[in-house]
Amino acid sequence: MVIFSLLSPNFLTAANISDILRSISIVTLIAIGVTISLTVNGLDLSVGSTAGLATILSASMLVLHRQELFIALLVPILAAVLIGLVNAFLVVKVKIPDILATLSMMFIVQGILLTYTKGSAIYANMPLAAGERAPGIFIPSFLHIGQGELFGIPMPVIIMLLAVLLVHLLFTYTKFGRFFYVTGGNIEAARLSGVPVHRYRIYAYMLSGLFAGIGGIVLAARIGVGEVNAGAPFLMDAVAAAYIGFSVFGAGKPNVIGTLFGSILIGVLLNGLTMLNVPYYTQDIIKGAVLAGALALTYYRSRMI
């Protein structure tokens with residue numbers, strides 16, 4: 001932040017800081033899900049596709065089926081939790097390694113989205129196969145979730161901060177939350193101590209799907225269109241934020257406060273590089289390098305411990 005402030009006079013302004021927080025809100029929501037999967041020593045790679053599914057379902061409920069706000073929120077959330085439940089079944093019951101199971105689910109969900117939408121976006125007044133136009137619109141109450149403000153604070157930022165606070169309190173101060181860490185620390189010792197480890201691994205993947213779904217809803221409300229591949233680019237940023245928070249800010253364990261700082265770090269990097277007119281196609285190189293550094297630090301610390 002110091003470097004970017006010196007190189008760009010517009011970086012350290014209230015408007016730009018607000019833009020950074022708004023831009024990281026969706027990444028952080030999805031990264032919370034990744035963080036929860038990490039607490040049980042797993043990793044959910046399907047969060048990007050799950051967020052894309054929530055985006056498409058929200059748009060579909062509003063534009064194609066003319067539903068109100070409640071249905072436009074409920075359907076994608078239920079679908080996202082169901083994806084998490086399927087992931088849990090593959091990992092816990094079928095015993096497929098988590099990376100392979102969630103990677104498979106990522107491709108399955110992406111294929112379902114392409115099949116359902118036939119590769120096209122869902123937007124107001126879009127032409128339909130029968131020749132008529134889509135009957136619904138993105139209603140103002142839904143768009144307010146991604147584009148509105150409360151007391152001058154963008155709604156996505158408020159949703160992000162509330163989610164971080166809620167999960168932090170849950171995992172730090174409740175027995176329910178601490179059992180996730182116990183399960184991830186040593187699953188056999190946790191099982192022998194009476195912790196229902198399979199149940200908590202299932203909870204972890206369901207919560208991962210839930211937060212990916214919330215991120216997808218906020219994304220749909222922010223851009224006002226259902227894009228098929230909208231959620232996929234968030235996977236890398238979400239995983240990077242979770243691991244950066246794990247290694248640098250997490251005191252050796254995954255936690256949502258660290259994940260938030262990881263998201264802020266990525267957001268600051270991308271925003272500052274954009275202000276300095278660094279080509280967008282080189283930014284992934286820098287993000288990858290930051291993630292590699294975070295992983296190297298994580299494994300170095302684990303060896304020292």
# chains A, B, ... in the order shown; residues from 1 in each chain; ligands from 1

call {"tool": "select_by_dssp", "arguments": {"residues": "stretch 8-154 of chain A", "states": "strand (DSSP E or B)", "output": "list of chain:residue names"}}
result
A:Ile122, A:Pro127, A:Arg133, A:Glu149, A:Leu150, A:Ile153, A:Pro154

call {"tool": "residues_around", "arguments": {"residues": "A:Leu291", "least_positions_apart": "5", "cutoff": "12 Å", "atoms": "only C-alpha atoms", "output": "PDB file with N, CA, C and O atoms, in the first residue's frame"}}
result
ATOM      1  N   MET A 236      -9.258 -19.288  -8.141  1.00  0.00           N
ATOM      2  CA  MET A 236      -7.842 -19.073  -7.839  1.00  0.00           C
ATOM      3  C   MET A 236      -7.665 -18.016  -6.749  1.00  0.00           C
ATOM      4  O   MET A 236      -6.882 -18.193  -5.808  1.00  0.00           O
ATOM      5  N   ASP A 237      -8.418 -16.909  -6.856  1.00  0.00           N
ATOM      6  CA  ASP A 237      -8.293 -15.847  -5.863  1.00  0.00           C
ATOM      7  C   ASP A 237      -8.757 -16.319  -4.491  1.00  0.00           C
ATOM      8  O   ASP A 237      -8.156 -15.964  -3.465  1.00  0.00           O
ATOM      9  N   ALA A 238      -9.825 -17.118  -4.451  1.00  0.00           N
ATOM     10  CA  ALA A 238     -10.340 -17.603  -3.171  1.00  0.00           C
ATOM     11  C   ALA A 238      -9.347 -18.549  -2.503  1.00  0.00           C
ATOM     12  O   ALA A 238      -9.093 -18.452  -1.295  1.00  0.00           O
ATOM     13  N   VAL A 239      -8.784 -19.470  -3.269  1.00  0.00           N
ATOM     14  CA  VAL A 239      -7.788 -20.402  -2.716  1.00  0.00           C
ATOM     15  C   VAL A 239      -6.553 -19.633  -2.256  1.00  0.00           C
ATOM     16  O   VAL A 239      -6.003 -19.894  -1.176  1.00  0.00           O
ATOM     17  N   ALA A 240      -6.125 -18.664  -3.064  1.00  0.00           N
ATOM     18  CA  ALA A 240      -4.953 -17.865  -2.685  1.00  0.00           C
ATOM     19  C   ALA A 240      -5.215 -17.092  -1.398  1.00  0.00           C
ATOM     20  O   ALA A 240      -4.373 -17.068  -0.493  1.00  0.00           O
ATOM     21  N   ALA A 241      -6.390 -16.478  -1.277  1.00  0.00           N
ATOM     22  CA  ALA A 241      -6.715 -15.709  -0.072  1.00  0.00           C
ATOM     23  C   ALA A 241      -6.726 -16.602   1.156  1.00  0.00           C
ATOM     24  O   ALA A 241      -6.208 -16.232   2.219  1.00  0.00           O
ATOM     25  N   ALA A 242      -7.309 -17.802   1.029  1.00  0.00           N
ATOM     26  CA  ALA A 242      -7.378 -18.718   2.169  1.00  0.00           C
ATOM     27  C   ALA A 242      -5.988 -19.169   2.603  1.00  0.00           C
ATOM     28  O   ALA A 242      -5.683 -19.209   3.810  1.00  0.00           O
ATOM     29  N   TYR A 243      -5.127 -19.490   1.644  1.00  0.00           N
ATOM     30  CA  TYR A 243      -3.793 -19.965   1.999  1.00  0.00           C
ATOM     31  C   TYR A 243      -2.887 -18.838   2.478  1.00  0.00           C
ATOM     32  O   TYR A 243      -2.026 -19.054   3.338  1.00  0.00           O
ATOM     33  N   ILE A 244      -3.068 -17.641   1.925  1.00  0.00           N
ATOM     34  CA  ILE A 244      -2.294 -16.500   2.427  1.00  0.00           C
ATOM     35  C   ILE A 244      -2.681 -16.219   3.871  1.00  0.00           C
ATOM     36  O   ILE A 244      -1.828 -16.002   4.736  1.00  0.00           O
ATOM     37  N   GLY A 245      -3.982 -16.248   4.152  1.00  0.00           N
ATOM     38  CA  GLY A 245      -4.435 -16.048   5.521  1.00  0.00           C
ATOM     39  C   GLY A 245      -3.968 -17.148   6.449  1.00  0.00           C
ATOM     40  O   GLY A 245      -3.633 -16.905   7.616  1.00  0.00           O
ATOM     41  N   PHE A 246      -3.907 -18.363   5.942  1.00  0.00           N
ATOM     42  CA  PHE A 246      -3.426 -19.521   6.702  1.00  0.00           C
ATOM     43  C   PHE A 246      -1.963 -19.322   7.076  1.00  0.00           C
ATOM     44  O   PHE A 246      -1.566 -19.501   8.238  1.00  0.00           O
ATOM     45  N   SER A 247      -1.161 -18.928   6.114  1.00  0.00           N
ATOM     46  CA  SER A 247       0.289 -18.937   6.317  1.00  0.00           C
ATOM     47  C   SER A 247       0.802 -17.669   6.981  1.00  0.00           C
ATOM     48  O   SER A 247       1.693 -17.722   7.825  1.00  0.00           O
ATOM     49  N   VAL A 248       0.246 -16.528   6.607  1.00  0.00           N
ATOM     50  CA  VAL A 248       0.806 -15.264   7.079  1.00  0.00           C
ATOM     51  C   VAL A 248       0.065 -14.730   8.285  1.00  0.00           C
ATOM     52  O   VAL A 248       0.656 -14.273   9.253  1.00  0.00           O
ATOM     53  N   GLY A 262      -5.963 -11.864   3.512  1.00  0.00           N
ATOM     54  CA  GLY A 262      -5.456 -12.401   2.251  1.00  0.00           C
ATOM     55  C   GLY A 262      -6.186 -11.820   1.059  1.00  0.00           C
ATOM     56  O   GLY A 262      -5.582 -11.473   0.038  1.00  0.00           O
ATOM     57  N   SER A 263      -7.512 -11.696   1.171  1.00  0.00           N
ATOM     58  CA  SER A 263      -8.304 -11.086   0.098  1.00  0.00           C
ATOM     59  C   SER A 263      -7.919  -9.624  -0.099  1.00  0.00           C
ATOM     60  O   SER A 263      -7.826  -9.143  -1.236  1.00  0.00           O
ATOM     61  N   LEU A 265      -5.038  -8.263   0.548  1.00  0.00           N
ATOM     62  CA  LEU A 265      -3.728  -8.235  -0.100  1.00  0.00           C
ATOM     63  C   LEU A 265      -3.856  -8.416  -1.610  1.00  0.00           C
ATOM     64  O   LEU A 265      -3.268  -7.667  -2.399  1.00  0.00           O
ATOM     65  N   ILE A 266      -4.660  -9.393  -2.027  1.00  0.00           N
ATOM     66  CA  ILE A 266      -4.856  -9.630  -3.456  1.00  0.00           C
ATOM     67  C   ILE A 266      -5.560  -8.444  -4.101  1.00  0.00           C
ATOM     68  O   ILE A 266      -5.191  -7.995  -5.198  1.00  0.00           O
ATOM     69  N   ASP A 284      -2.057 -12.366 -13.349  1.00  0.00           N
ATOM     70  CA  ASP A 284      -2.130 -13.735 -12.855  1.00  0.00           C
ATOM     71  C   ASP A 284      -0.758 -14.262 -12.479  1.00  0.00           C
ATOM     72  O   ASP A 284      -0.626 -15.093 -11.569  1.00  0.00           O
ATOM     73  N   ILE A 285       0.276 -13.798 -13.170  1.00  0.00           N
ATOM     74  CA  ILE A 285       1.641 -14.203 -12.822  1.00  0.00           C
ATOM     75  C   ILE A 285       1.968 -13.759 -11.402  1.00  0.00           C
ATOM     76  O   ILE A 285       2.519 -14.525 -10.596  1.00  0.00           O
ATOM     77  N   ILE A 286       1.594 -12.528 -11.096  1.00  0.00           N
ATOM     78  CA  ILE A 286       1.888 -11.987  -9.768  1.00  0.00           C
ATOM     79  C   ILE A 286       1.055 -12.693  -8.709  1.00  0.00           C
ATOM     80  O   ILE A 286       1.553 -13.049  -7.632  1.00  0.00           O
ATOM     81  N   ALA A 296       4.830 -21.762   0.256  1.00  0.00           N
ATOM     82  CA  ALA A 296       6.186 -22.066   0.717  1.00  0.00           C
ATOM     83  C   ALA A 296       6.346 -21.707   2.189  1.00  0.00           C
ATOM     84  O   ALA A 296       6.930 -22.466   2.973  1.00  0.00           O
ATOM     85  N   LEU A 297       5.789 -20.561   2.584  1.00  0.00           N
ATOM     86  CA  LEU A 297       5.870 -20.142   3.977  1.00  0.00           C
ATOM     87  C   LEU A 297       5.070 -21.082   4.881  1.00  0.00           C
ATOM     88  O   LEU A 297       5.490 -21.411   5.987  1.00  0.00           O
ATOM     89  N   THR A 298       3.912 -21.533   4.388  1.00  0.00           N
ATOM     90  CA  THR A 298       3.078 -22.457   5.159  1.00  0.00           C
ATOM     91  C   THR A 298       3.842 -23.739   5.475  1.00  0.00           C
ATOM     92  O   THR A 298       3.902 -24.182   6.636  1.00  0.00           O
TER      93      THR A 298
END

call {"tool": "select_by_dssp", "arguments": {"residues": "stretch 9-234 of chain A", "states": "helix (DSSP H, G or I)", "output": "VMD selection string"}}
result
chain A and resid 14 to 39 47 to 64 69 to 93 98 to 117 140 to 147 155 to 173 175 to 185 187 to 192 197 to 223 234

call {"tool": "residues_around", "arguments": {"residues": "stretch 149-159 of chain A", "least_positions_apart": "2", "cutoff": "10 Å", "atoms": "only C-alpha atoms", "output": "PyMOL selection string"}}
result
chain A and resi 18-26+28-29+144-147+161-165+214-215+218-219+221-222

call {"tool": "closest_residue", "arguments": {"among": "A:Ile56, A:Ala232, A:Val40, A:Ala31", "to": "A:Thr115", "atoms": "only C-alpha atoms"}}
result
A:Ile56

call {"tool": "residues_around", "arguments": {"residues": "A:Ser208", "least_positions_apart": "6", "cutoff": "9 Å", "atoms": "only C-alpha atoms", "output": "ChimeraX atom specification"}}
result
/A:30-37,44,47,80-81,84

call {"tool": "residues_around", "arguments": {"residues": "A:Tyr205", "least_positions_apart": "3", "cutoff": "12 Å", "atoms": "only C-alpha atoms", "output": "number ranges by chain"}}
result
A: 32-47, 50, 80-92, 98, 101-102, 180, 198-202, 208-212

call {"tool": "atom_distance", "arguments": {"atom1": "atom CA of A:Ala54", "atom2": "atom CA of A:Pro76"}}
result
4.5 Å

call {"tool": "closest_residue", "arguments": {"among": "A:Lys253, A:Arg191, A:Lys287, A:His65", "to": "A:Gly136", "atoms": "only C-alpha atoms"}}
result
A:His65

call {"tool": "residues_around", "arguments": {"residues": "A:Phe176", "least_positions_apart": "6", "cutoff": "12 Å", "atoms": "only C-alpha atoms", "output": "number ranges by chain"}}
result
A: 167, 169-170, 182-183, 195-197, 199-200, 203-204

call {"tool": "write_last_selection", "arguments": {"atoms": "N, CA, C and O atoms", "output": "compact mmCIF listing (two decimals), in the first residue's frame"}}
result
# COMPACT_ATOMS: atom_id res chain seq x y z
N VAL A 167 -18.61 -16.13 11.16
CA VAL A 167 -17.82 -17.36 11.11
C VAL A 167 -16.67 -17.31 12.13
O VAL A 167 -16.34 -18.32 12.76
N LEU A 169 -16.64 -15.75 15.05
CA LEU A 169 -17.21 -16.01 16.37
C LEU A 169 -17.58 -17.48 16.53
O LEU A 169 -17.34 -18.09 17.58
N LEU A 170 -18.14 -18.06 15.47
CA LEU A 170 -18.57 -19.46 15.52
C LEU A 170 -17.39 -20.40 15.72
O LEU A 170 -17.43 -21.32 16.55
N VAL A 182 -10.47 -29.55 15.57
CA VAL A 182 -10.08 -30.83 16.17
C VAL A 182 -10.09 -31.93 15.11
O VAL A 182 -9.17 -32.76 15.03
N THR A 183 -11.13 -31.93 14.27
CA THR A 183 -11.23 -32.93 13.21
C THR A 183 -10.08 -32.80 12.23
O THR A 183 -9.48 -33.80 11.81
N VAL A 195 -15.52 -37.20 19.03
CA VAL A 195 -15.98 -36.19 18.08
C VAL A 195 -16.56 -36.89 16.85
O VAL A 195 -15.90 -37.78 16.29
N PRO A 196 -17.77 -36.57 16.43
CA PRO A 196 -18.34 -37.18 15.22
C PRO A 196 -17.67 -36.62 13.96
O PRO A 196 -18.21 -35.74 13.29
N VAL A 197 -16.50 -37.12 13.65
CA VAL A 197 -15.66 -36.50 12.63
C VAL A 197 -16.30 -36.52 11.25
O VAL A 197 -16.17 -35.55 10.48
N ARG A 199 -19.44 -36.38 10.52
CA ARG A 199 -20.49 -35.37 10.49
C ARG A 199 -19.89 -33.97 10.29
O ARG A 199 -20.42 -33.17 9.53
N TYR A 200 -18.78 -33.69 10.94
CA TYR A 200 -18.18 -32.36 10.83
C TYR A 200 -17.53 -32.16 9.46
O TYR A 200 -17.49 -31.04 8.94
N TYR A 203 -20.47 -31.24 7.39
CA TYR A 203 -20.82 -29.85 7.66
C TYR A 203 -19.88 -28.89 6.91
O TYR A 203 -20.32 -27.87 6.37
N ALA A 204 -18.59 -29.22 6.90
CA ALA A 204 -17.60 -28.32 6.29
C ALA A 204 -17.88 -28.12 4.81
O ALA A 204 -17.85 -26.99 4.31

call {"tool": "residues_around", "arguments": {"residues": "A:Phe70", "least_positions_apart": "2", "cutoff": "12 Å", "atoms": "only C-alpha atoms", "output": "PDB file with N, CA and C atoms, in the first residue's frame"}}
result
ATOM      1  N   SER A  58     -30.064 -17.592  -9.770  1.00  0.00           N
ATOM      2  CA  SER A  58     -30.679 -16.319  -9.371  1.00  0.00           C
ATOM      3  C   SER A  58     -31.237 -15.594 -10.585  1.00  0.00           C
ATOM      4  N   MET A  61     -34.324 -17.484 -11.994  1.00  0.00           N
ATOM      5  CA  MET A  61     -35.548 -17.295 -11.209  1.00  0.00           C
ATOM      6  C   MET A  61     -36.180 -15.932 -11.491  1.00  0.00           C
ATOM      7  N   LEU A  62     -35.362 -14.905 -11.634  1.00  0.00           N
ATOM      8  CA  LEU A  62     -35.874 -13.554 -11.838  1.00  0.00           C
ATOM      9  C   LEU A  62     -36.307 -13.305 -13.280  1.00  0.00           C
ATOM     10  N   ARG A  66     -39.820 -15.130 -13.409  1.00  0.00           N
ATOM     11  CA  ARG A  66     -40.505 -13.986 -12.798  1.00  0.00           C
ATOM     12  C   ARG A  66     -40.815 -14.211 -11.321  1.00  0.00           C
ATOM     13  N   GLN A  67     -39.856 -14.743 -10.583  1.00  0.00           N
ATOM     14  CA  GLN A  67     -40.022 -14.965  -9.158  1.00  0.00           C
ATOM     15  C   GLN A  67     -39.596 -13.722  -8.371  1.00  0.00           C
ATOM     16  N   GLU A  68     -40.034 -13.683  -7.127  1.00  0.00           N
ATOM     17  CA  GLU A  68     -39.676 -12.562  -6.268  1.00  0.00           C
ATOM     18  C   GLU A  68     -38.365 -12.842  -5.536  1.00  0.00           C
ATOM     19  N   ALA A  72     -35.585 -16.082  -5.459  1.00  0.00           N
ATOM     20  CA  ALA A  72     -34.319 -15.815  -6.145  1.00  0.00           C
ATOM     21  C   ALA A  72     -33.120 -16.014  -5.227  1.00  0.00           C
ATOM     22  N   LEU A  73     -33.339 -15.952  -3.911  1.00  0.00           N
ATOM     23  CA  LEU A  73     -32.269 -16.218  -2.942  1.00  0.00           C
ATOM     24  C   LEU A  73     -32.283 -17.678  -2.483  1.00  0.00           C
ATOM     25  N   LEU A  74     -33.482 -18.216  -2.268  1.00  0.00           N
ATOM     26  CA  LEU A  74     -33.605 -19.555  -1.701  1.00  0.00           C
ATOM     27  C   LEU A  74     -33.115 -20.642  -2.650  1.00  0.00           C
ATOM     28  N   VAL A  75     -33.530 -20.595  -3.909  1.00  0.00           N
ATOM     29  CA  VAL A  75     -33.193 -21.660  -4.857  1.00  0.00           C
ATOM     30  C   VAL A  75     -31.681 -21.800  -5.041  1.00  0.00           C
ATOM     31  N   PRO A  76     -30.930 -20.710  -5.319  1.00  0.00           N
ATOM     32  CA  PRO A  76     -29.481 -20.883  -5.478  1.00  0.00           C
ATOM     33  C   PRO A  76     -28.776 -21.325  -4.204  1.00  0.00           C
ATOM     34  N   ILE A  77     -29.258 -20.888  -3.042  1.00  0.00           N
ATOM     35  CA  ILE A  77     -28.633 -21.316  -1.786  1.00  0.00           C
ATOM     36  C   ILE A  77     -28.845 -22.806  -1.556  1.00  0.00           C
ATOM     37  N   ILE A 139     -35.045  -7.473 -10.363  1.00  0.00           N
ATOM     38  CA  ILE A 139     -35.833  -6.533  -9.571  1.00  0.00           C
ATOM     39  C   ILE A 139     -34.920  -5.655  -8.709  1.00  0.00           C
ATOM     40  N   SER A 141     -34.908  -4.772  -5.579  1.00  0.00           N
ATOM     41  CA  SER A 141     -34.532  -5.305  -4.267  1.00  0.00           C
ATOM     42  C   SER A 141     -33.387  -6.301  -4.370  1.00  0.00           C
ATOM     43  N   PHE A 142     -33.330  -7.043  -5.478  1.00  0.00           N
ATOM     44  CA  PHE A 142     -32.229  -7.988  -5.692  1.00  0.00           C
ATOM     45  C   PHE A 142     -30.957  -7.233  -6.069  1.00  0.00           C
TER      46      PHE A 142
END

call {"tool": "atom_distance", "arguments": {"atom1": "atom CA of A:Tyr281", "atom2": "atom CA of A:Ala230"}}
result
17.6 Å

call {"tool": "atom_distance", "arguments": {"atom1": "atom CA of A:Tyr280", "atom2": "atom CA of A:Val268"}}
result
14.2 Å
